$ cat run01.txt   # compact mmCIF, C-alpha atoms
# COMPACT_ATOMS: atom_id res chain seq x y z
CA MET A 524 37.71 61.98 160.19
CA ASN A 525 37.11 58.61 161.70
CA TRP A 526 35.29 59.03 165.00
CA SER A 527 33.55 55.68 165.07
CA PRO A 528 35.59 52.49 165.10
CA HIS A 529 32.80 50.75 163.18
CA GLN A 530 31.91 53.61 160.85
CA ALA A 531 31.72 51.33 157.88
CA ALA A 532 29.02 49.28 159.71
CA VAL A 533 26.78 52.28 160.62
CA ASP A 534 23.84 52.63 158.24
CA TRP A 535 22.39 56.15 158.34
CA GLY A 536 19.48 55.23 156.09
CA SER A 537 18.37 56.79 152.90
CA VAL A 538 16.78 60.18 152.22
CA PRO A 539 13.27 58.64 151.97
CA ASP A 540 13.78 57.01 155.40
CA TRP A 541 14.68 60.40 156.89
CA PHE A 542 11.66 62.09 155.30
CA GLY A 543 9.42 59.33 156.66
CA ALA A 544 10.82 59.70 160.17
CA VAL A 545 10.49 63.49 160.18
CA GLY A 546 6.96 63.22 158.78
CA SER A 547 5.96 60.72 161.48
CA ILE A 548 7.29 62.94 164.26
CA ALA A 549 5.58 66.01 162.77
CA SER A 550 2.24 64.22 162.51
CA VAL A 551 2.42 63.07 166.15
CA LEU A 552 3.24 66.63 167.20
CA ILE A 553 0.33 68.07 165.19
CA VAL A 554 -2.11 65.55 166.70
CA TYR A 555 -0.82 66.37 170.21
CA LEU A 556 -1.22 70.13 169.73
CA GLY A 557 -4.72 69.72 168.28
CA LEU A 558 -5.77 67.49 171.15
CA ARG A 559 -4.40 69.94 173.70
CA ARG A 560 -6.34 72.81 172.07
CA GLU A 561 -9.54 70.73 172.08
CA ILE A 562 -9.13 69.89 175.77
CA ARG A 563 -8.70 73.58 176.63
CA ALA A 564 -11.78 74.51 174.60
CA ARG A 565 -13.87 71.87 176.37
CA ARG A 566 -12.70 73.05 179.79
CA THR A 567 -13.61 76.63 178.88
CA ASP A 568 -17.05 75.52 177.68
CA GLU A 569 -17.57 73.49 180.85
CA LEU A 570 -16.63 76.46 183.03
CA ARG A 571 -18.98 78.70 181.03
CA VAL A 572 -21.86 76.27 181.60
CA ARG A 573 -21.03 75.92 185.31
CA ALA A 574 -20.94 79.71 185.67
CA THR A 575 -24.45 80.22 184.29
CA GLN A 576 -25.99 80.80 187.72
CA ALA A 577 -22.87 82.46 189.12
CA ARG A 578 -23.11 85.30 186.58
CA LEU A 579 -26.59 86.15 187.88
CA ILE A 580 -25.37 87.04 191.39
CA SER A 581 -24.32 90.65 191.93
CA ALA A 582 -23.81 93.26 194.63
CA VAL A 583 -24.17 97.03 194.74
CA ALA A 584 -22.90 99.30 197.50
CA GLU A 585 -24.37 102.70 198.34
CA ILE A 586 -22.59 105.13 200.64
CA ARG A 587 -24.83 106.25 203.52
CA GLY A 588 -23.13 108.98 205.47
CA ASN A 589 -19.42 108.79 206.11
CA SER A 590 -19.25 105.46 207.90
CA VAL A 591 -22.11 103.26 206.64
CA LEU A 592 -22.61 101.29 203.44
CA ARG A 593 -25.83 99.74 202.24
CA VAL A 594 -24.89 96.62 200.28
CA THR A 595 -27.59 94.92 198.23
CA VAL A 596 -26.82 91.39 197.04
CA ALA A 597 -29.16 90.29 194.25
CA ASN A 598 -29.81 86.75 193.09
CA GLU A 599 -31.37 87.00 189.63
CA SER A 600 -31.32 83.22 189.11
CA ASP A 601 -34.17 80.83 189.85
CA ALA A 602 -32.16 78.77 192.36
CA PRO A 603 -30.88 79.82 195.79
CA VAL A 604 -27.27 80.68 196.59
CA LEU A 605 -25.71 79.68 199.88
CA ASP A 606 -23.00 80.87 202.27
CA VAL A 607 -22.62 84.31 200.75
CA THR A 608 -19.75 86.39 202.13
CA VAL A 609 -19.61 90.12 201.45
CA LEU A 610 -16.41 92.16 201.72
CA PRO A 611 -16.60 95.88 200.81
CA ARG A 612 -13.36 97.45 199.60
CA LEU A 613 -12.46 101.05 198.79
CA VAL A 614 -10.79 101.83 195.46
CA PRO A 615 -7.98 104.39 195.94
CA PRO A 616 -9.26 107.70 194.48
CA ASP A 617 -5.82 108.70 193.17
CA ASP A 618 -5.10 105.28 191.56
CA PRO A 619 -8.19 103.46 190.17
CA GLU A 620 -5.98 100.54 189.10
CA GLY A 621 -4.44 100.23 192.57
CA THR A 622 -5.21 97.63 195.20
CA PRO A 623 -8.49 98.34 197.02
CA THR A 624 -8.40 98.42 200.82
CA GLU A 625 -10.83 96.56 203.05
CA LEU A 626 -13.44 98.79 204.64
CA ALA A 627 -15.00 96.42 207.14
CA ALA A 628 -15.08 92.86 208.36
CA VAL A 629 -16.63 90.19 206.19
CA LYS A 630 -20.42 89.90 206.49
CA GLN A 631 -22.22 86.62 205.86
CA VAL A 632 -25.63 85.64 204.57
CA ARG A 633 -26.61 81.97 204.84
CA ARG A 634 -29.07 81.84 201.92
CA ILE A 635 -30.53 84.11 199.27
CA HIS A 636 -33.53 82.60 197.51
CA GLY A 637 -33.96 82.73 193.74
CA ARG A 638 -35.25 86.04 192.31
CA ASP A 639 -34.58 87.69 195.67
CA SER A 640 -32.14 90.18 197.14
CA HIS A 641 -30.69 90.78 200.57
CA GLU A 642 -29.64 94.11 202.08
CA LEU A 643 -26.79 94.52 204.53
CA PHE A 644 -25.78 97.63 206.38
CA VAL A 645 -22.03 97.67 206.91
CA THR A 646 -20.28 100.00 209.31
CA VAL A 647 -16.81 100.81 208.01
CA THR A 648 -13.79 100.79 210.29
CA ALA A 649 -12.87 103.99 212.13
CA GLU A 650 -9.79 104.76 210.01
CA HIS A 651 -11.92 105.17 206.87
CA ARG A 652 -14.18 108.14 206.27
CA LEU A 653 -16.35 107.73 203.19
CA ARG A 654 -17.18 110.51 200.75
CA ALA A 655 -19.89 110.52 198.10
CA ALA A 656 -17.25 110.47 195.36
CA ASP A 657 -15.57 107.28 196.65
CA THR A 658 -15.78 104.08 194.64
CA VAL A 659 -16.61 100.96 196.61
CA LEU A 660 -16.15 97.43 195.25
CA VAL A 661 -17.93 94.48 196.79
CA ASP A 662 -16.18 91.12 196.80
CA LEU A 663 -18.64 88.23 196.91
CA THR A 664 -17.95 84.60 197.62
CA TYR A 665 -20.86 82.18 197.38
CA THR A 666 -21.96 78.64 196.63
CA ASP A 667 -24.34 78.05 193.74
CA HIS A 668 -27.19 75.54 193.59
CA ASP A 669 -24.89 72.81 192.22
CA GLY A 670 -22.38 73.18 195.08
CA ASN A 671 -19.74 75.13 193.14
CA ARG A 672 -17.97 77.85 195.13
CA TRP A 673 -17.48 81.17 193.29
CA ARG A 674 -15.68 84.49 193.84
CA ARG A 675 -16.71 87.73 192.18
CA SER A 676 -15.11 91.14 192.61
CA GLY A 677 -17.24 94.14 191.72
CA ALA A 678 -18.80 93.78 188.27
CA GLY A 679 -16.14 91.30 187.11
CA GLN A 680 -16.82 87.78 185.91
CA PRO A 681 -17.20 85.07 188.56
CA GLU A 682 -14.23 82.77 189.03
CA PRO A 683 -14.10 79.41 190.78
CA ALA A 684 -13.00 79.84 194.38
CA SER A 685 -10.39 77.41 195.59
$ encode --input "run01.txt" --output "structure tokens"
Amino acid sequence: MNWSPHQAAVDWGSVPDWFGAVGSIASVLIVYLGLRREIRARRTDELRVRATQARLISAVAEIRGNSVLRVTVANESDAPVLDVTVLPRLVPPDDPEGTPTELAAVKQVRRIHGRDSHELFVTVTAEHRLRAADTVLVDLTYTDHDGNRWRRSGAGQPEPAS
């Protein structure tokens, strides 16, 4: 089979040349994958450090009657948090993994000082009637002392807000 007109002139190299080439490509690939893993680890560590204050902000909702919630937002950090928005949502009683529905309009608090809490009374919309057995999640969005914007749903971990 003669598929190249200059087949006699083509030098495919020796077996040691091929092993050297494959080894070089494999070493570049290994370095790339290790570098990529290191970059991901550093980003995760950086996010963990940035979220130190964000993890200390929480909210609890208490049902008061069938149309009022008392939401307490606590700042357990030493620094203030700013521009806090509070959105209460009702978890479907028949499907705890389902999508919660909004109970009221978003409430805002300009500033919560360090080691302080703020109480809000939220009137739920007319189409929702609360029962004592209902589960209410509170979605928080806030800015920490360093200017980072965070979002936290219920007792979940804070995530950077975009």
$ residues_near_point --input "run01.txt" --point "(-25.1, 92.2, 196.6)" --cutoff "10 Å" --atoms "only C-alpha atoms" --output "list in words"
Ile580, Ser581, Ala582, Val583, Ala584, Arg593, Val594, Thr595, Val596, Ala597, Asn598, Val607, Thr608, Val609, Ser640, His641, Glu642, Leu643, Val661, Asp662, Leu663 and Gly677 of chain A
$ atom_distance --input "run01.txt" --atom1 "CA of Leu626 in chain A" --atom2 "CA of Thr666 in chain A"
23.3 Å
$ closest_residue --input "run01.txt" --among "A:Val604, A:Leu592, A:Val614, A:Leu579" --to "Lys630 in chain A" --atoms "all atoms listed in the file"
A:Leu592
$ atom_distance --input "run01.txt" --atom1 "CA of Pro623 in chain A" --atom2 "CA of Thr658 in chain A"
9.6 Å
$ closest_residue --input "run01.txt" --among "A:Asn589, A:Thr622, A:Ser537, A:Ser547" --to "Glu650 in chain A" --atoms "all atoms listed in the file"
A:Asn589
$ atom_distance --input "run01.txt" --atom1 "CA of Ala656 in chain A" --atom2 "CA of Glu620 in chain A"
16.3 Å
$ closest_residue --input "run01.txt" --among "A:Ala627, A:Leu660, A:Ile562, A:Ala684" --to "Thr646 in chain A" --atoms "all atoms listed in the file"
A:Ala627
$ closest_residue --input "run01.txt" --among "A:Glu561, A:Asp606, A:Asp568, A:Glu585" --to "Arg672 in chain A" --atoms "all atoms listed in the file"
A:Asp606
$ closest_residue --input "run01.txt" --among "A:Asp667, A:Asp601, A:Glu682, A:Asp617" --to "Arg633 in chain A" --atoms "all atoms listed in the file"
A:Asp667
$ closest_residue --input "run01.txt" --among "A:Ala577, A:Arg654, A:Gly588, A:Pro616" --to "Arg674 in chain A" --atoms "only C-alpha atoms"
A:Ala577
$ residues_near_point --input "run01.txt" --point "(-35.8, 83.5, 192.4)" --cutoff "6 Å" --atoms "only C-alpha atoms" --output "ChimeraX atom specification"
/A:600-602,636-639
